[in-house]
>>> print(open('target29.cif').read())   # mmCIF, C-alpha atoms
data_final
#
loop_
_atom_site.label_atom_id
_atom_site.label_comp_id
_atom_site.auth_asym_id
_atom_site.auth_seq_id
_atom_site.Cartn_x
_atom_site.Cartn_y
_atom_site.Cartn_z
CA MET A 17 27.60 -6.83 10.02
CA MET A 18 24.89 -5.94 12.52
CA LEU A 19 23.16 -3.51 10.15
CA ASP A 20 22.70 -6.21 7.48
CA GLY A 21 21.11 -8.45 10.12
CA LEU A 22 18.71 -5.68 11.12
CA TYR A 23 17.80 -5.09 7.47
CA GLN A 24 17.14 -8.81 7.00
CA GLU A 25 14.85 -8.75 10.04
CA ILE A 26 12.89 -5.79 8.65
CA ILE A 27 12.40 -7.59 5.32
CA LEU A 28 11.34 -10.80 7.06
CA ASP A 29 8.94 -8.90 9.31
CA HIS A 30 7.23 -7.28 6.31
CA TYR A 31 7.08 -10.69 4.60
CA LYS A 32 5.54 -12.41 7.63
CA HIS A 33 3.27 -9.50 8.62
CA PRO A 34 2.42 -7.72 5.35
CA HIS A 35 0.84 -4.28 5.26
CA GLY A 36 -1.89 -3.71 2.65
CA ARG A 37 -2.05 -7.29 1.38
CA GLY A 38 -5.35 -8.35 -0.15
CA LEU A 39 -6.92 -6.76 -3.20
CA ARG A 40 -9.61 -4.26 -2.27
CA ASP A 41 -12.47 -2.52 -4.04
CA PRO A 42 -13.13 0.12 -5.15
CA PHE A 43 -10.06 0.92 -7.18
CA ASN A 44 -9.43 2.98 -10.29
CA GLY A 45 -6.09 1.56 -11.41
CA GLU A 46 -4.69 -1.97 -11.46
CA ALA A 47 -1.56 -3.59 -12.86
CA HIS A 48 -0.29 -7.15 -12.85
CA HIS A 49 3.45 -7.74 -13.26
CA VAL A 50 5.49 -10.92 -13.48
CA ASN A 51 9.23 -11.34 -13.06
CA PRO A 52 10.04 -13.90 -15.76
CA THR A 53 13.44 -14.58 -14.21
CA CYS A 54 12.04 -16.16 -11.06
CA GLY A 55 8.27 -16.36 -11.53
CA ASP A 56 7.32 -13.81 -8.85
CA GLU A 57 4.09 -12.01 -9.64
CA ILE A 58 2.05 -9.22 -8.15
CA THR A 59 -1.16 -7.34 -8.77
CA VAL A 60 -1.36 -3.81 -7.40
CA ARG A 61 -4.54 -1.75 -7.12
CA VAL A 62 -4.71 1.94 -6.38
CA SER A 63 -7.57 4.17 -5.47
CA ALA A 64 -6.66 7.75 -6.22
CA SER A 65 -8.65 10.92 -5.84
CA ASP A 66 -7.89 14.59 -5.43
CA GLY A 67 -4.23 13.95 -6.29
CA SER A 68 -3.53 11.41 -3.53
CA PHE A 69 -3.64 7.67 -3.01
CA SER A 70 -6.47 6.85 -0.65
CA ASP A 71 -5.84 3.11 -0.94
CA ILE A 72 -3.11 0.85 -2.24
CA SER A 73 -3.63 -2.89 -2.10
CA TYR A 74 -1.83 -5.85 -3.59
CA ASP A 75 -1.70 -9.59 -3.82
CA GLY A 76 1.00 -11.78 -5.18
CA LEU A 77 3.20 -14.80 -5.01
CA GLY A 78 6.93 -14.82 -4.72
CA CYS A 79 10.02 -14.55 -2.64
CA SER A 80 10.32 -12.70 0.64
CA ILE A 81 12.00 -9.76 -1.10
CA SER A 82 9.22 -9.07 -3.61
CA GLN A 83 6.45 -9.54 -1.07
CA ALA A 84 8.18 -7.49 1.63
CA SER A 85 8.84 -4.76 -0.92
CA ALA A 86 5.10 -4.60 -1.67
CA SER A 87 4.37 -4.25 2.04
CA VAL A 88 6.90 -1.43 2.38
CA LEU A 89 5.47 0.26 -0.72
CA HIS A 90 2.00 0.22 0.85
CA GLU A 91 3.34 1.59 4.12
CA LEU A 92 5.27 4.39 2.41
CA LEU A 93 2.79 5.48 -0.27
CA GLN A 94 -0.69 4.97 1.23
CA GLY A 95 -2.31 8.38 1.67
CA ARG A 96 0.48 10.27 -0.11
CA THR A 97 0.01 12.87 -2.80
CA ALA A 98 1.14 11.99 -6.30
CA SER A 99 4.11 14.33 -5.92
CA ASP A 100 5.21 12.78 -2.62
CA ALA A 101 4.69 9.26 -3.99
CA ALA A 102 6.81 10.13 -7.04
CA SER A 103 9.65 11.34 -4.79
CA VAL A 104 9.58 8.18 -2.67
CA HIS A 105 9.28 6.01 -5.77
CA GLU A 106 12.29 7.72 -7.33
CA ALA A 107 14.35 7.34 -4.14
CA PHE A 108 13.58 3.61 -3.93
CA VAL A 109 14.40 3.00 -7.60
CA GLU A 110 17.63 4.98 -7.23
CA LEU A 111 18.57 2.87 -4.19
CA MET A 112 17.90 -0.34 -6.12
CA GLN A 113 19.89 0.82 -9.15
CA GLY A 114 22.83 1.91 -6.98
CA ARG A 115 24.45 -1.53 -6.69
CA GLY A 116 24.89 -0.96 -2.97
CA GLN A 117 26.62 2.40 -3.42
CA VAL A 118 23.63 4.66 -2.65
CA GLU A 119 23.18 5.76 0.95
CA PRO A 120 19.44 5.53 1.64
CA ASP A 121 17.60 8.38 3.35
CA GLU A 122 15.56 6.86 6.19
CA ASP A 123 13.38 9.97 6.39
CA VAL A 124 12.25 9.34 2.81
CA LEU A 125 12.35 5.55 2.61
CA GLY A 126 11.48 4.39 6.13
CA ASP A 127 11.70 0.59 6.19
CA GLY A 128 12.68 0.76 2.52
CA ILE A 129 16.27 1.32 3.65
CA ALA A 130 16.34 -2.40 4.47
CA PHE A 131 16.62 -3.09 0.75
CA ALA A 132 20.02 -1.36 0.52
CA GLY A 133 21.76 -4.73 0.75
CA VAL A 134 19.51 -6.22 -1.92
CA ALA A 135 20.85 -3.64 -4.40
CA LYS A 136 24.21 -5.47 -4.38
CA PHE A 137 22.58 -8.47 -6.07
CA PRO A 138 21.28 -7.66 -9.57
CA ALA A 139 19.10 -10.78 -9.75
CA ARG A 140 17.31 -9.71 -6.56
CA VAL A 141 16.86 -6.08 -7.61
CA LYS A 142 14.12 -7.14 -10.02
CA CYS A 143 12.33 -8.86 -7.13
CA ALA A 144 12.43 -5.70 -5.02
CA LEU A 145 11.33 -3.45 -7.91
CA LEU A 146 8.46 -5.67 -9.08
CA PRO A 147 5.74 -4.10 -6.88
CA TRP A 148 7.09 -0.59 -7.46
CA MET A 149 6.84 -0.92 -11.23
CA ALA A 150 3.35 -2.44 -10.90
CA PHE A 151 2.36 0.48 -8.66
CA LYS A 152 3.63 2.97 -11.24
CA ASP A 153 1.53 1.31 -13.96
CA ALA A 154 -1.55 1.04 -11.73
CA ALA A 155 -1.22 4.73 -10.86
CA ALA A 156 -0.95 5.61 -14.57
CA ARG A 157 -4.12 3.61 -15.26
CA ALA A 158 -5.79 5.62 -12.51
CA GLY A 159 -4.71 8.79 -14.29
CA VAL A 160 -1.94 9.67 -11.80
CA ASP A 161 1.61 10.18 -13.06
CA VAL A 162 4.30 9.11 -10.58
CA SER A 163 7.04 8.76 -13.17
CA SER A 164 10.43 10.32 -12.95
CA GLU A 165 13.56 10.26 -15.07
CA VAL A 166 15.04 7.47 -12.95
CA SER A 167 11.99 5.23 -12.74
CA SER A 168 11.04 5.61 -16.40
CA GLU A 169 14.30 3.92 -17.40
CA VAL A 170 13.74 0.81 -15.28
CA LYS A 171 12.40 -2.35 -16.83
CA ALA A 172 11.42 -4.84 -14.15
#
>>> encode(input="target29.cif", output="structure tokens")
Amino acid sequence: MMLDGLYQEIILDHYKHPHGRGLRDPFNGEAHHVNPTCGDEITVRVSASDGSFSDISYDGLGCSISQASASVLHELLQGRTASDAASVHEAFVELMQGRGQVEPDEDVLGDGIAFAGVAKFPARVKCALLPWMAFKDAAARAGVDVSSEVSSEVKA
């Protein structure tokens, strides 16, 4: 299918040309997560003030899916308010939990829609969610709550 090919290209582009990669200072929340299934790992730092994320940076090792997902996360959440970030976070988690049955909203998820095909493969869902769960924890450590009913049930 042509759409799957386009989605693969978007993921590969984010993997080869990552947005936000490289841990930056100052930050006020950091989280390091590891996917024990495959060994992928990521550290996410957030700088939050006045209810928005002024900087999101990350560094990690892993497959193209986990690293591209971190790049998309940076692109989608950098500069957003906590409320907006929570909505995007929830939409991405819902997409990943949908086993390929959730129709992604491009207006909300941007390049994140490329992960719709990944949702069909449970072993790869954890790769895609790894940076998003690390972001949620880093935000919490910065004193910003981006949890939702959907994302609070996910264990990556």
>>> residues_near_point(input="target29.cif", point="(13.4, -3.0, -7.9)", cutoff="8 Å", atoms="all atoms listed in the file", output="list in words")
Phe108, Val109, Met112, Gln113, Arg140, Val141, Lys142, Cys143, Ala144, Leu145, Leu146, Pro147, Trp148, Met149 and Ala172 of chain A
>>> closest_residue(input="target29.cif", among="A:Ile27, A:Ala98, A:Val104, A:Ala64", to="Asp41 (chain A)", atoms="only C-alpha atoms")
A:Ala64
>>> closest_residue(input="target29.cif", among="A:Lys32, A:Arg40, A:Arg96, A:His105", to="Ala150 (chain A)", atoms="only C-alpha atoms")
A:His105
>>> residues_around(input="target29.cif", residues="Val124 (chain A)", least_positions_apart="5", cutoff="12 Å", atoms="only C-alpha atoms", output="list in words")
Leu89, Glu91, Leu92, Leu93, Asp100, Ala101, Ala102, Ser103, Val104, His105, Glu106, Ala107, Phe108, Leu111, Glu119 and Ile129 of chain A
>>> resolve_selection(input="target29.cif", expression="the PyMOL selection byres ((chain A and resi 28) around 12)", output="ChimeraX atom specification")
/A:21-27,29-34,79-85,87-88,127,130-131
>>> resolve_selection(input="target29.cif", expression="the PyMOL selection byres ((chain A and resi 158) around 8)", output="PDB file with C-alpha atoms, in the coordinates of the input")
ATOM      1  CA  ASN A  44      -9.430   2.980 -10.290  1.00  0.00           C
ATOM      2  CA  GLY A  45      -6.090   1.560 -11.410  1.00  0.00           C
ATOM      3  CA  GLU A  46      -4.690  -1.970 -11.460  1.00  0.00           C
ATOM      4  CA  VAL A  62      -4.710   1.940  -6.380  1.00  0.00           C
ATOM      5  CA  SER A  63      -7.570   4.170  -5.470  1.00  0.00           C
ATOM      6  CA  ALA A  64      -6.660   7.750  -6.220  1.00  0.00           C
ATOM      7  CA  ALA A 154      -1.550   1.040 -11.730  1.00  0.00           C
ATOM      8  CA  ALA A 155      -1.220   4.730 -10.860  1.00  0.00           C
ATOM      9  CA  ALA A 156      -0.950   5.610 -14.570  1.00  0.00           C
ATOM     10  CA  ARG A 157      -4.120   3.610 -15.260  1.00  0.00           C
ATOM     11  CA  GLY A 159      -4.710   8.790 -14.290  1.00  0.00           C
ATOM     12  CA  VAL A 160      -1.940   9.670 -11.800  1.00  0.00           C
TER      13      VAL A 160
END
>>> closest_residue(input="target29.cif", among="A:Leu77, A:Ala139, A:Val134, A:Leu39", to="Arg61 (chain A)", atoms="all atoms listed in the file")
A:Leu39
>>> atom_distance(input="target29.cif", atom1="CA of Gly116 (chain A)", atom2="CA of Ala135 (chain A)")
5.1 Å
>>> closest_residue(input="target29.cif", among="A:Glu110, A:Asp161, A:Asp75, A:Glu122", to="Glu57 (chain A)", atoms="all atoms listed in the file")
A:Asp75
